[in-house]
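Note: the block below is start_31.pdb and it holds PDB, C-alpha atoms and all ligand atoms.
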ATOM      1  CA  MET S   1     -44.892   4.765 -39.891
ATOM      2  CA  GLN S   2     -42.829   1.894 -41.119
ATOM      3  CA  SER S   3     -39.631   3.252 -39.663
ATOM      4  CA  MET S   4     -41.455   4.013 -36.387
ATOM      5  CA  PHE S   5     -42.604   0.429 -36.209
ATOM      6  CA  PHE S   6     -39.095  -0.878 -36.609
ATOM      7  CA  ASN S   7     -37.674   1.738 -34.276
ATOM      8  CA  ILE S   8     -39.930   0.410 -31.540
ATOM      9  CA  TYR S   9     -39.145  -3.244 -32.070
ATOM     10  CA  THR S  10     -35.557  -3.389 -33.259
ATOM     11  CA  TYR S  11     -33.817  -0.199 -32.217
ATOM     12  CA  VAL S  12     -31.112  -0.731 -29.661
ATOM     13  CA  ALA S  13     -30.726   2.473 -27.698
ATOM     14  CA  VAL S  14     -26.960   2.736 -27.537
ATOM     15  CA  SER S  15     -25.081   5.959 -27.913
ATOM     16  CA  TRP S  16     -21.746   7.406 -26.980
ATOM     17  CA  THR S  17     -20.581  10.898 -26.232
ATOM     18  CA  ASP S  18     -16.820  10.452 -26.236
ATOM     19  CA  TYR S  19     -14.115   8.192 -27.608
ATOM     20  CA  ALA S  20     -13.620   4.770 -26.083
ATOM     21  CA  GLN S  21     -10.429   5.227 -24.085
ATOM     22  CA  THR S  22      -9.356   1.595 -24.004
ATOM     23  CA  TYR S  23      -9.765  -1.393 -26.269
ATOM     24  CA  ASP S  24     -11.869  -3.151 -23.614
ATOM     25  CA  GLU S  25     -14.237  -0.212 -23.564
ATOM     26  CA  TYR S  26     -14.393  -0.262 -27.357
ATOM     27  CA  VAL S  27     -15.157  -3.985 -27.452
ATOM     28  CA  SER S  28     -17.930  -3.621 -24.883
ATOM     29  CA  ARG S  29     -19.523  -0.932 -27.090
ATOM     30  CA  LEU S  30     -19.141  -3.179 -30.126
ATOM     31  CA  LYS S  31     -20.719  -6.134 -28.313
ATOM     32  CA  SER S  32     -23.633  -3.979 -27.127
ATOM     33  CA  LEU S  33     -24.746  -3.695 -30.767
ATOM     34  CA  GLY S  34     -25.760  -7.347 -30.760
ATOM     35  CA  LEU S  35     -24.216  -8.064 -34.157
ATOM     36  CA  GLU S  36     -22.624 -11.254 -35.370
ATOM     37  CA  LEU S  37     -18.997 -10.970 -34.260
ATOM     38  CA  ARG S  38     -16.191 -13.350 -35.152
ATOM     39  CA  GLU S  39     -12.747 -13.379 -33.645
ATOM     40  CA  VAL S  40     -10.419 -13.488 -36.640
ATOM     41  CA  GLY S  41      -7.088 -13.418 -34.849
ATOM     42  CA  ARG S  42      -5.114 -12.130 -31.875
ATOM     43  CA  SER S  43      -2.755  -9.181 -31.488
ATOM     44  CA  ILE S  44       0.791  -9.442 -30.152
ATOM     45  CA  ARG S  45      -0.553  -8.760 -26.644
ATOM     46  CA  ASP S  46      -3.208 -11.422 -27.165
ATOM     47  CA  ARG S  47      -6.141  -9.064 -27.663
ATOM     48  CA  PRO S  48      -8.887 -10.415 -29.945
ATOM     49  CA  ILE S  49      -9.314  -8.894 -33.401
ATOM     50  CA  TYR S  50     -12.988  -8.903 -34.368
ATOM     51  CA  ALA S  51     -14.915  -8.875 -37.597
ATOM     52  CA  ALA S  52     -18.520  -7.671 -37.400
ATOM     53  CA  TYR S  53     -21.097  -8.843 -39.928
ATOM     54  CA  ALA S  54     -24.201  -6.807 -40.641
ATOM     55  CA  SER S  55     -27.099  -6.871 -43.066
ATOM     56  CA  SER S  56     -27.274  -9.017 -46.192
ATOM     57  CA  GLY S  57     -26.549  -8.909 -49.926
ATOM     58  CA  PRO S  58     -23.335  -8.210 -51.808
ATOM     59  CA  ALA S  59     -20.717  -6.924 -49.430
ATOM     60  CA  VAL S  60     -18.629  -3.873 -48.658
ATOM     61  CA  PHE S  61     -15.549  -4.787 -46.607
ATOM     62  CA  ILE S  62     -14.377  -2.082 -44.209
ATOM     63  CA  THR S  63     -11.171  -2.041 -42.191
ATOM     64  CA  ALA S  64     -10.254   0.630 -39.629
ATOM     65  CA  GLY S  65      -7.863   1.218 -36.778
ATOM     66  CA  GLN S  66      -4.660   0.024 -38.393
ATOM     67  CA  HIS S  67      -3.076   3.109 -36.867
ATOM     68  CA  GLY S  68      -3.841   3.030 -33.165
ATOM     69  CA  ASN S  69      -3.684   6.809 -32.718
ATOM     70  CA  GLU S  70      -6.467   7.349 -35.286
ATOM     71  CA  HIS S  71      -9.735   6.628 -33.479
ATOM     72  CA  PRO S  72     -12.325   8.281 -35.797
ATOM     73  CA  GLY S  73     -12.609   5.231 -38.070
ATOM     74  CA  PRO S  74     -13.273   2.725 -35.255
ATOM     75  CA  GLU S  75     -15.666   5.108 -33.475
ATOM     76  CA  LEU S  76     -17.667   5.924 -36.586
ATOM     77  CA  MET S  77     -17.969   2.229 -37.364
ATOM     78  CA  LEU S  78     -19.835   1.851 -34.043
ATOM     79  CA  HIS S  79     -22.241   4.600 -35.083
ATOM     80  CA  PHE S  80     -22.602   3.210 -38.578
ATOM     81  CA  LEU S  81     -23.310  -0.360 -37.440
ATOM     82  CA  ARG S  82     -25.759   0.924 -34.820
ATOM     83  CA  ASP S  83     -27.664   3.053 -37.334
ATOM     84  CA  LEU S  84     -27.682   0.268 -39.899
ATOM     85  CA  LYS S  85     -30.051  -1.644 -37.638
ATOM     86  CA  THR S  86     -32.801   0.880 -38.294
ATOM     87  CA  CYS S  87     -31.418   2.354 -41.500
ATOM     88  CA  ASN S  88     -31.325   5.644 -39.648
ATOM     89  CA  PHE S  89     -28.841   7.670 -41.686
ATOM     90  CA  LEU S  90     -28.677  11.319 -42.614
ATOM     91  CA  VAL S  91     -27.783  10.127 -46.116
ATOM     92  CA  LYS S  92     -31.003   8.454 -47.179
ATOM     93  CA  GLU S  93     -29.688   6.451 -50.103
ATOM     94  CA  SER S  94     -31.367   3.071 -50.057
ATOM     95  CA  ALA S  95     -28.242   1.241 -51.243
ATOM     96  CA  LEU S  96     -26.686   1.830 -47.816
ATOM     97  CA  CYS S  97     -29.095  -0.697 -46.291
ATOM     98  CA  ARG S  98     -29.223  -3.129 -49.171
ATOM     99  CA  VAL S  99     -25.735  -4.527 -48.874
ATOM    100  CA  ARG S 100     -23.843  -6.598 -46.354
ATOM    101  CA  TYR S 101     -20.944  -5.195 -44.362
ATOM    102  CA  VAL S 102     -17.922  -7.075 -43.187
ATOM    103  CA  VAL S 103     -16.144  -4.747 -40.772
ATOM    104  CA  VAL S 104     -12.857  -5.159 -38.952
ATOM    105  CA  PRO S 105     -13.196  -1.984 -36.874
ATOM    106  CA  VAL S 106      -9.852  -2.235 -35.056
ATOM    107  CA  VAL S 107      -7.100  -4.037 -36.951
ATOM    108  CA  ASN S 108      -4.498  -2.993 -34.379
ATOM    109  CA  PRO S 109      -5.990  -3.434 -30.867
ATOM    110  CA  ASP S 110      -2.683  -2.943 -29.000
ATOM    111  CA  GLY S 111      -2.011   0.331 -30.802
ATOM    112  CA  PHE S 112      -5.623   1.397 -30.192
ATOM    113  CA  ASP S 113      -5.305   0.740 -26.476
ATOM    114  CA  ALA S 114      -2.041   2.680 -26.238
ATOM    115  CA  TRP S 115      -3.193   5.447 -28.647
ATOM    116  CA  GLN S 116      -0.030   4.773 -30.661
ATOM    117  CA  ARG S 117       0.247   4.451 -34.432
ATOM    118  CA  THR S 118       2.195   1.198 -34.568
ATOM    119  CA  ASN S 119       1.462  -2.226 -33.101
ATOM    120  CA  ALA S 120       3.118  -3.607 -29.957
ATOM    121  CA  ASN S 121       6.210  -4.562 -32.015
ATOM    122  CA  HIS S 122       6.435  -0.926 -33.143
ATOM    123  CA  VAL S 123       5.715  -1.949 -36.705
ATOM    124  CA  ASP S 124       3.316   0.080 -38.849
ATOM    125  CA  PRO S 125       0.641  -2.430 -39.901
ATOM    126  CA  ASN S 126      -0.097  -0.337 -42.976
ATOM    127  CA  ARG S 127       3.423  -0.837 -44.337
ATOM    128  CA  ASN S 128       3.423  -4.587 -43.701
ATOM    129  CA  TRP S 129       1.114  -5.730 -46.536
ATOM    130  CA  PRO S 130       2.571  -7.679 -49.480
ATOM    131  CA  ALA S 131       1.900  -5.504 -52.562
ATOM    132  CA  GLY S 132       4.820  -3.115 -52.961
ATOM    133  CA  TRP S 133       6.282  -4.156 -49.597
ATOM    134  CA  GLY S 134       9.738  -2.649 -48.986
ATOM    135  CA  GLY S 135       9.252   0.305 -51.317
ATOM    136  CA  PRO S 136       9.305   4.076 -50.684
ATOM    137  CA  GLY S 137       7.349   5.507 -47.774
ATOM    138  CA  SER S 138       8.407   2.746 -45.409
ATOM    139  CA  MET S 139      11.484   1.938 -43.348
ATOM    140  CA  PRO S 140      13.092  -1.429 -42.599
ATOM    141  CA  GLY S 141      12.420  -3.360 -39.410
ATOM    142  CA  SER S 142      10.614  -2.001 -36.370
ATOM    143  CA  CYS S 143      10.676   0.940 -33.946
ATOM    144  CA  CYS S 144       9.651   3.770 -36.235
ATOM    145  CA  PRO S 145       6.278   5.191 -37.271
ATOM    146  CA  ILE S 146       6.500   3.807 -40.813
ATOM    147  CA  CYS S 147       8.499   0.628 -40.146
ATOM    148  CA  ARG S 148       7.397  -2.251 -42.315
ATOM    149  CA  GLY S 149       8.566  -5.317 -40.320
ATOM    150  CA  SER S 150      11.037  -7.965 -41.496
ATOM    151  CA  SER S 151       8.854  -9.502 -44.183
ATOM    152  CA  PRO S 152       5.335  -9.007 -45.571
ATOM    153  CA  LEU S 153       2.607 -10.109 -43.154
ATOM    154  CA  ASP S 154       5.076 -11.031 -40.399
ATOM    155  CA  GLN S 155       2.777  -9.301 -37.872
ATOM    156  CA  PRO S 156      -0.150 -11.251 -36.392
ATOM    157  CA  GLU S 157      -2.640  -8.425 -36.987
ATOM    158  CA  THR S 158      -2.017  -8.075 -40.722
ATOM    159  CA  ARG S 159      -1.773 -11.847 -41.159
ATOM    160  CA  ALA S 160      -5.199 -12.372 -39.540
ATOM    161  CA  VAL S 161      -6.897  -9.640 -41.547
ATOM    162  CA  TYR S 162      -5.205 -10.670 -44.801
ATOM    163  CA  SER S 163      -6.614 -14.146 -44.309
ATOM    164  CA  LEU S 164     -10.113 -12.674 -43.913
ATOM    165  CA  LEU S 165      -9.686 -10.321 -46.877
ATOM    166  CA  SER S 166      -8.621 -13.332 -48.961
ATOM    167  CA  SER S 167     -11.482 -15.607 -47.935
ATOM    168  CA  GLU S 168     -14.541 -13.323 -47.694
ATOM    169  CA  SER S 169     -16.710 -12.487 -50.650
ATOM    170  CA  TYR S 170     -17.102  -8.729 -51.215
ATOM    171  CA  ALA S 171     -17.404  -6.243 -54.055
ATOM    172  CA  VAL S 172     -15.307  -3.378 -52.726
ATOM    173  CA  HIS S 173     -13.061  -2.576 -49.761
ATOM    174  CA  ILE S 174     -12.268   0.643 -47.913
ATOM    175  CA  ASP S 175      -9.673   1.318 -45.216
ATOM    176  CA  LEU S 176     -10.350   4.136 -42.729
ATOM    177  CA  HIS S 177      -7.690   6.489 -41.378
ATOM    178  CA  SER S 178      -7.417  10.038 -40.073
ATOM    179  CA  GLY S 179      -4.810  12.800 -40.041
ATOM    180  CA  THR S 180      -5.945  14.472 -43.236
ATOM    181  CA  GLU S 181      -9.108  14.574 -45.361
ATOM    182  CA  VAL S 182      -9.057  12.794 -48.703
ATOM    183  CA  LEU S 183     -10.669   9.870 -50.481
ATOM    184  CA  ALA S 184      -7.793   8.094 -52.219
ATOM    185  CA  TRP S 185      -7.136   4.926 -54.173
ATOM    186  CA  PRO S 186      -4.318   2.698 -55.443
ATOM    187  CA  PRO S 187      -1.613   2.775 -56.293
ATOM    188  CA  GLY S 188      -0.161   4.344 -53.177
ATOM    189  CA  CYS S 189       3.146   2.883 -54.340
ATOM    190  CA  ALA S 190       4.292   4.059 -57.776
ATOM    191  CA  GLN S 191       6.163   0.881 -58.719
ATOM    192  CA  LEU S 192       2.866  -1.032 -58.900
ATOM    193  CA  GLY S 193       1.818   0.901 -61.999
ATOM    194  CA  ALA S 194      -1.705   1.950 -62.940
ATOM    195  CA  SER S 195      -4.632   0.132 -61.361
ATOM    196  CA  ARG S 196      -7.088  -1.743 -63.556
ATOM    197  CA  PHE S 197      -9.797  -0.100 -61.442
ATOM    198  CA  ALA S 198      -8.638   3.483 -62.101
ATOM    199  CA  GLU S 199     -11.786   4.435 -63.988
ATOM    200  CA  LEU S 200     -14.079   2.850 -61.393
ATOM    201  CA  TYR S 201     -12.296   4.668 -58.559
ATOM    202  CA  ARG S 202     -12.860   8.032 -60.198
ATOM    203  CA  LYS S 203     -16.478   7.214 -60.974
ATOM    204  CA  LEU S 204     -17.284   6.166 -57.397
ATOM    205  CA  ALA S 205     -15.470   9.194 -55.973
ATOM    206  CA  GLN S 206     -17.497  11.468 -58.256
ATOM    207  CA  ARG S 207     -20.670   9.694 -57.201
ATOM    208  CA  HIS S 208     -19.861  10.381 -53.543
ATOM    209  CA  VAL S 209     -19.666  14.093 -54.420
ATOM    210  CA  GLU S 210     -23.129  13.943 -56.028
ATOM    211  CA  ILE S 211     -24.577  12.182 -52.989
ATOM    212  CA  ALA S 212     -22.911  14.608 -50.576
ATOM    213  CA  SER S 213     -24.237  17.613 -52.511
ATOM    214  CA  LYS S 214     -27.762  16.216 -52.414
ATOM    215  CA  TYR S 215     -27.721  16.308 -48.587
ATOM    216  CA  GLY S 216     -25.723  19.511 -48.120
ATOM    217  CA  ILE S 217     -22.650  17.576 -46.954
ATOM    218  CA  THR S 218     -19.078  18.672 -47.669
ATOM    219  CA  PRO S 219     -17.595  16.040 -49.978
ATOM    220  CA  TYR S 220     -14.043  14.828 -49.624
ATOM    221  CA  ASP S 221     -11.305  15.931 -51.916
ATOM    222  CA  TYR S 222     -10.311  12.856 -53.878
ATOM    223  CA  GLY S 223      -7.648  11.416 -56.138
ATOM    224  CA  ASN S 224      -4.825   8.969 -56.518
ATOM    225  CA  ILE S 225      -2.019  10.084 -54.244
ATOM    226  CA  ILE S 226       0.775   9.407 -56.721
ATOM    227  CA  GLU S 227      -0.923  11.426 -59.471
ATOM    228  CA  LYS S 228      -2.409  14.008 -57.179
ATOM    229  CA  TYR S 229       0.827  15.050 -55.576
ATOM    230  CA  ALA S 230       3.160  14.263 -58.495
ATOM    231  CA  ASP S 231       3.903  17.922 -59.156
ATOM    232  CA  VAL S 232       3.923  19.120 -55.581
ATOM    233  CA  PRO S 233       7.457  19.728 -54.279
ATOM    234  CA  PRO S 234       8.121  17.462 -51.293
ATOM    235  CA  GLU S 235       8.813  20.449 -49.024
ATOM    236  CA  LEU S 236       5.264  21.668 -49.621
ATOM    237  CA  LEU S 237       3.632  18.389 -48.709
ATOM    238  CA  ALA S 238       2.327  18.381 -45.161
ATOM    239  CA  MET S 239       3.896  14.937 -44.682
ATOM    240  CA  LYS S 240       0.473  13.578 -43.849
ATOM    241  CA  ILE S 241      -0.187  11.721 -47.057
ATOM    242  CA  TYR S 242       2.506  10.558 -49.405
ATOM    243  CA  GLU S 243       3.699   7.517 -51.331
ATOM    244  CA  ALA S 244       3.377   4.591 -48.937
ATOM    245  CA  CYS S 245       4.396   1.149 -50.162
ATOM    246  CA  GLY S 246       3.057  -1.886 -48.294
ATOM    247  CA  ALA S 247      -0.422  -0.463 -47.603
ATOM    248  CA  VAL S 248      -3.569  -2.580 -47.451
ATOM    249  CA  ASP S 249      -5.426  -0.898 -50.322
ATOM    250  CA  ASP S 250      -2.663  -1.783 -52.786
ATOM    251  CA  THR S 251      -2.721  -5.383 -51.603
ATOM    252  CA  VAL S 252      -6.489  -5.677 -52.001
ATOM    253  CA  ASP S 253      -6.279  -4.173 -55.495
ATOM    254  CA  TYR S 254      -3.117  -5.794 -56.899
ATOM    255  CA  LYS S 255      -3.082  -9.129 -55.054
ATOM    256  CA  LEU S 256      -6.736  -9.839 -54.297
ATOM    257  CA  ASN S 257      -8.139  -8.202 -57.433
ATOM    258  CA  LYS S 258     -10.799  -6.124 -55.704
ATOM    259  CA  PRO S 259     -11.256  -2.354 -55.786
ATOM    260  CA  SER S 260     -10.066  -0.716 -52.571
ATOM    261  CA  PHE S 261     -10.180   2.848 -51.260
ATOM    262  CA  VAL S 262      -8.487   4.702 -48.441
ATOM    263  CA  LEU S 263     -10.501   7.336 -46.644
ATOM    264  CA  GLU S 264      -8.679   9.844 -44.477
ATOM    265  CA  ILE S 265     -11.663  10.963 -42.409
ATOM    266  CA  SER S 266     -10.520  14.055 -40.517
ATOM    267  CA  SER S 267      -7.632  16.446 -40.525
ATOM    268  CA  PRO S 268      -7.179  16.359 -36.774
ATOM    269  CA  TYR S 269      -6.183  12.818 -35.923
ATOM    270  CA  ASN S 270      -8.941  12.780 -33.295
ATOM    271  CA  PRO S 271     -11.369  15.700 -33.647
ATOM    272  CA  PRO S 272     -13.757  16.573 -30.798
ATOM    273  CA  TYR S 273     -16.388  13.862 -30.572
ATOM    274  CA  SER S 274     -19.245  16.242 -31.389
ATOM    275  CA  ALA S 275     -17.500  17.228 -34.655
ATOM    276  CA  LEU S 276     -16.827  13.580 -35.415
ATOM    277  CA  THR S 277     -20.494  12.652 -35.183
ATOM    278  CA  SER S 278     -22.073  15.821 -36.601
ATOM    279  CA  TYR S 279     -19.621  16.788 -39.361
ATOM    280  CA  TYR S 280     -17.463  13.829 -40.319
ATOM    281  CA  TYR S 281     -20.001  11.053 -39.919
ATOM    282  CA  PRO S 282     -22.351  12.323 -42.677
ATOM    283  CA  ARG S 283     -19.343  12.675 -44.987
ATOM    284  CA  LEU S 284     -18.424   9.062 -44.321
ATOM    285  CA  GLN S 285     -22.025   8.064 -45.065
ATOM    286  CA  ALA S 286     -21.799   9.750 -48.488
ATOM    287  CA  VAL S 287     -18.662   7.744 -49.272
ATOM    288  CA  LEU S 288     -20.161   4.472 -48.089
ATOM    289  CA  ALA S 289     -23.392   5.120 -50.008
ATOM    290  CA  SER S 290     -21.406   5.340 -53.237
ATOM    291  CA  LEU S 291     -19.582   2.090 -52.453
ATOM    292  CA  ALA S 292     -22.832   0.387 -51.427
ATOM    293  CA  GLU S 293     -24.438   1.391 -54.720
ATOM    294  CA  TYR S 294     -21.524  -0.168 -56.546
ATOM    295  CA  ALA S 295     -21.664  -3.356 -54.465
ATOM    296  CA  TYR S 296     -25.404  -3.591 -55.031
ATOM    297  CA  SER S 297     -24.921  -3.169 -58.778
ATOM    298  CA  THR S 298     -22.636  -6.216 -58.885
ATOM    299  CA  GLN S 299     -25.471  -8.484 -57.731
ATOM    300  CA  PRO S 300     -27.065 -10.484 -60.532
ATOM    301  CA  PRO S 301     -30.759  -9.600 -60.951
ATOM    302  CA  ALA S 302     -33.142 -11.881 -59.027
ATOM    303  CA  THR S 303     -34.698 -14.546 -61.203
ATOM    304  CA  ILE S 304     -38.135 -16.167 -60.922
ATOM    305  CA  PRO S 305     -36.729 -19.441 -59.485
ATOM    306  CA  THR S 306     -35.047 -17.512 -56.638
ATOM    307  CA  ILE S 307     -38.202 -15.528 -55.855
ATOM    308  CA  LEU S 308     -40.651 -18.448 -55.959
ATOM    309  CA  PRO S 309     -39.346 -20.325 -52.907
ATOM    310  CA  ILE S 310     -39.760 -17.135 -50.857
ATOM    311  CA  LEU S 311     -43.356 -16.721 -52.014
ATOM    312  CA  ALA S 312     -44.078 -20.383 -51.339
ATOM    313  CA  GLY S 313     -42.082 -20.465 -48.138
ATOM    314  CA  THR S 314     -42.965 -20.364 -44.484
ATOM    315  CA  VAL S 315     -44.492 -17.430 -42.668
ATOM    316  CA  SER S 316     -41.127 -16.564 -41.192
ATOM    317  CA  ALA S 317     -39.466 -16.516 -44.613
ATOM    318  CA  PHE S 318     -42.251 -14.278 -45.827
ATOM    319  CA  SER S 319     -41.883 -11.994 -42.808
ATOM    320  CA  SER S 320     -38.179 -11.789 -43.466
ATOM    321  CA  ALA S 321     -38.733 -10.787 -47.100
ATOM    322  CA  LEU S 322     -41.367  -8.287 -45.986
ATOM    323  CA  TYR S 323     -39.016  -6.857 -43.383
ATOM    324  CA  THR S 324     -36.318  -6.377 -45.999
ATOM    325  CA  ALA S 325     -38.763  -4.714 -48.385
ATOM    326  CA  LEU S 326     -40.209  -2.421 -45.728
ATOM    327  CA  ARG S 327     -36.835  -1.458 -44.435
ATOM    328  CA  ALA S 328     -35.711  -0.583 -47.943
ATOM    329  CA  GLU S 329     -38.789   1.614 -48.288
ATOM    330  CA  SER S 330     -38.402   3.381 -45.000
ATOM    331  CA  PHE S 331     -36.333   6.005 -46.784
TER     332      PHE S 331
HETATM  333 ZN    ZN H 401      -3.422   6.091 -40.760
END
Is it possible to express this structure as structure tokens?
Ligand SMILES: [Zn+2]
Amino acid sequence: MQSMFFNIYTYVAVSWTDYAQTYDEYVSRLKSLGLELREVGRSIRDRPIYAAYASSGPAVFITAGQHGNEHPGPELMLHFLRDLKTCNFLVKESALCRVRYVVVPVVNPDGFDAWQRTNANHVDPNRNWPAGWGGPGSMPGSCCPICRGSSPLDQPETRAVYSLLSSESYAVHIDLHSGTEVLAWPPGCAQLGASRFAELYRKLAQRHVEIASKYGITPYDYGNIIEKYADVPPELLAMKIYEACGAVDDTVDYKLNKPSFVLEISSPYNPPYSALTSYYYPRLQAVLASLAEYAYSTQPPATIPTILPILAGTVSAFSSALYTALRAESF
């Protein structure tokens, strides 16, 4: 009954049956969700880069759409942010709705609009980040699929998002891609050495498997790319995932001191939309549920002094607390 009540009064009936073909179309879908949106920067072709803010509590920071030819991440963020409004997920883990999300759904709007991997300067945004910049898995300059630019963060898109990643408060970050299917973590660049979060990464990846199994969802294969493929001869690698220096997850981990994952959502770069929503979306939910649990666990327990003002507060404050409690229980 509780979820019915909130479905009636807060559910925004928006749905999509195919990929947004242009960035304008994507932005109009994003705006239709009625979320708090902030423009955090502009692309080379002067398109706005947005951050969406949803829910409350300790945060999970999500970036997607660095590679403009990989639309599953941006599209599934629309579905995720829509369903967050009513907590209407196939994965019914309460942590999913108890944390805040800071989402930059399309880091590279010009690439998104052109369905091309790189930005309008033909630089790969995900080789332009500072940690490990210039190392293996990238090429100098511009005009190639893995070109890293002339210096770290010399592209407006990465500069804008780096500034947000540096200033926001969050417990864990994840960057969404497609082209293969794996949940991976730093280092993606061997010269950076072992991550201080190595144990946490493994634990959260294992937790996503447990959650997936509970709902009959296929979990992602997982591992650190450097370790995982250390013994695989290069000629046997599908060239889809490999050492890649200058990627965002390494920068979040080694420069900003926060745990950061990479999720490669789907093996086809852009699977049919029905497969995206019916097969890949639940898998993404299992991953995000694990991260949300972790984020939630980093919150200090509520103390009496923080609860009292709510109890003694206005009717609207009480309603807000009640709403949060009911929503949490609607699972
Ligand atoms: Zn990618």
- Message: What would the selection look like, as a PyMOL selection string, if the PyMOL selection byres (((not hetatm)) within 7 of (chain H and resi 401)) were run on the coordinates I just shared?
- Response: chain S and resi 66-67+70+177-179
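The residues returned by the PyMOL selection byres (((chain S and resi 121) around 9) and not hetatm) for this structure are Ile44, Thr118, Asn119, Ala120, His122, Val123, Asp124, Ser142, Cys143, Gly149 and Gln155 of chain S.
Once Lys258 in chain S and its same-chain neighbours fewer than 3 positions away are set aside, Ala171, Val172, Val252 and Asp253 of chain S remain within 7 Å of it when counting all atoms listed in the file.
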- Chain and number of each residue from the PyMOL selection byres (((chain S and resi 108) around 9) and not hetatm), as a ChimeraX atom specification: /S:43,49,64-68,106-107,109-113,117-120,125,157-158
For range 96-100 of chain S, I'd like the enclosing box, axis-aligned and padded by 8 Å on every side, reported as lines of an AutoDock Vina configuration file with centre and edge lengths in Å to one decimal.
center_x = -26.5
center_y = -2.4
center_z = -47.7
size_x = 21.4
size_y = 24.4
size_z = 18.9
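Of the residues listed (S:Ala131, S:Met139, S:Ala20, S:Val287), S:Val287 shows the shortest atom-to-atom separation from Thr218 in chain S; distances use only C-alpha atoms.
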- With all atoms listed in the file as the basis for distance, which of S:Gln285, S:Ser15, S:Ser278, S:Thr180 is at the shortest distance from Phe80 in chain S? S:Gln285
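Of note, CA of Leu96 in chain S and CA of Lys228 in chain S are spaced 28.7 Å apart.
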- With only C-alpha atoms as the basis for distance, which of S:Arg38, S:Arg45, S:Cys245, S:Leu33 is at the shortest distance from Asp83 in chain S? S:Leu33
- Query: Using all atoms listed in the file, what residues lie at most 9 Å away from (-21.1, -7.8, -36.2) (file coordinates), given as JSON, numbers by chain?
  - Reply: {"S": [30, 31, 33, 34, 35, 36, 37, 38, 50, 51, 52, 53, 54, 81, 101, 102, 103]}
- Pairwise distance for CA of Ala190 in chain S and CA of Val262 in chain S, rounded to one decimal in Å: 15.8 Å
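Minimum atom-to-atom distances from S:Arg159, S:Pro74, S:Ala289, S:Leu90 to Arg42 in chain S were compared using only C-alpha atoms, and the lowest value belongs to S:Arg159.
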- Item | Pick from S:Ala198, S:Phe89, S:Ala292, S:Leu78, whichever lies nearest to Tyr170 in chain S using all atoms listed in the file | S:Ala292
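As for CA of Gly135 in chain S and CA of Thr251 in chain S, they are spaced 13.3 Å apart.
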- Message: Could you list, as a list in words, every residue within 8 Å of Arg82 in chain S, counting all atoms listed in the file and ignoring same-chain residues fewer than 3 positions away?
- Response: Val12, Val14, Leu33, Leu78, His79, Lys85 and Thr86 of chain S
- Leaving out Leu291 in chain S and any residue of its chain fewer than 3 positions from it, which residues lie within 8 Å of it when counting all atoms listed in the file, given as a list in words? Val60, Val172, Leu204, Val287, Leu288, Tyr294 and Ala295 of chain S
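The residue that comes closest to Leu176 in chain S, out of S:Ile265, S:Val104, S:Leu276, S:Val248 and on the basis of all atoms listed in the file, is S:Ile265.
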Using all atoms listed in the file, collect all residues at a distance of at most 12 Å from (-18.7, 6.0, -57.3) as written in the file, then present them as a PDB file with C-alpha atoms, in the coordinates of the input.
ATOM      1  CA  VAL S 172     -15.307  -3.378 -52.726  1.00  0.00           C
ATOM      2  CA  LEU S 183     -10.669   9.870 -50.481  1.00  0.00           C
ATOM      3  CA  PHE S 197      -9.797  -0.100 -61.442  1.00  0.00           C
ATOM      4  CA  ALA S 198      -8.638   3.483 -62.101  1.00  0.00           C
ATOM      5  CA  GLU S 199     -11.786   4.435 -63.988  1.00  0.00           C
ATOM      6  CA  LEU S 200     -14.079   2.850 -61.393  1.00  0.00           C
ATOM      7  CA  TYR S 201     -12.296   4.668 -58.559  1.00  0.00           C
ATOM      8  CA  ARG S 202     -12.860   8.032 -60.198  1.00  0.00           C
ATOM      9  CA  LYS S 203     -16.478   7.214 -60.974  1.00  0.00           C
ATOM     10  CA  LEU S 204     -17.284   6.166 -57.397  1.00  0.00           C
ATOM     11  CA  ALA S 205     -15.470   9.194 -55.973  1.00  0.00           C
ATOM     12  CA  GLN S 206     -17.497  11.468 -58.256  1.00  0.00           C
ATOM     13  CA  ARG S 207     -20.670   9.694 -57.201  1.00  0.00           C
ATOM     14  CA  HIS S 208     -19.861  10.381 -53.543  1.00  0.00           C
ATOM     15  CA  VAL S 209     -19.666  14.093 -54.420  1.00  0.00           C
ATOM     16  CA  GLU S 210     -23.129  13.943 -56.028  1.00  0.00           C
ATOM     17  CA  ILE S 211     -24.577  12.182 -52.989  1.00  0.00           C
ATOM     18  CA  ALA S 212     -22.911  14.608 -50.576  1.00  0.00           C
ATOM     19  CA  TYR S 222     -10.311  12.856 -53.878  1.00  0.00           C
ATOM     20  CA  PRO S 259     -11.256  -2.354 -55.786  1.00  0.00           C
ATOM     21  CA  SER S 260     -10.066  -0.716 -52.571  1.00  0.00           C
ATOM     22  CA  PHE S 261     -10.180   2.848 -51.260  1.00  0.00           C
ATOM     23  CA  ALA S 286     -21.799   9.750 -48.488  1.00  0.00           C
ATOM     24  CA  VAL S 287     -18.662   7.744 -49.272  1.00  0.00           C
ATOM     25  CA  LEU S 288     -20.161   4.472 -48.089  1.00  0.00           C
ATOM     26  CA  ALA S 289     -23.392   5.120 -50.008  1.00  0.00           C
ATOM     27  CA  SER S 290     -21.406   5.340 -53.237  1.00  0.00           C
ATOM     28  CA  LEU S 291     -19.582   2.090 -52.453  1.00  0.00           C
ATOM     29  CA  ALA S 292     -22.832   0.387 -51.427  1.00  0.00           C
ATOM     30  CA  GLU S 293     -24.438   1.391 -54.720  1.00  0.00           C
ATOM     31  CA  TYR S 294     -21.524  -0.168 -56.546  1.00  0.00           C
ATOM     32  CA  ALA S 295     -21.664  -3.356 -54.465  1.00  0.00           C
ATOM     33  CA  TYR S 296     -25.404  -3.591 -55.031  1.00  0.00           C
ATOM     34  CA  SER S 297     -24.921  -3.169 -58.778  1.00  0.00           C
TER      35      SER S 297
END
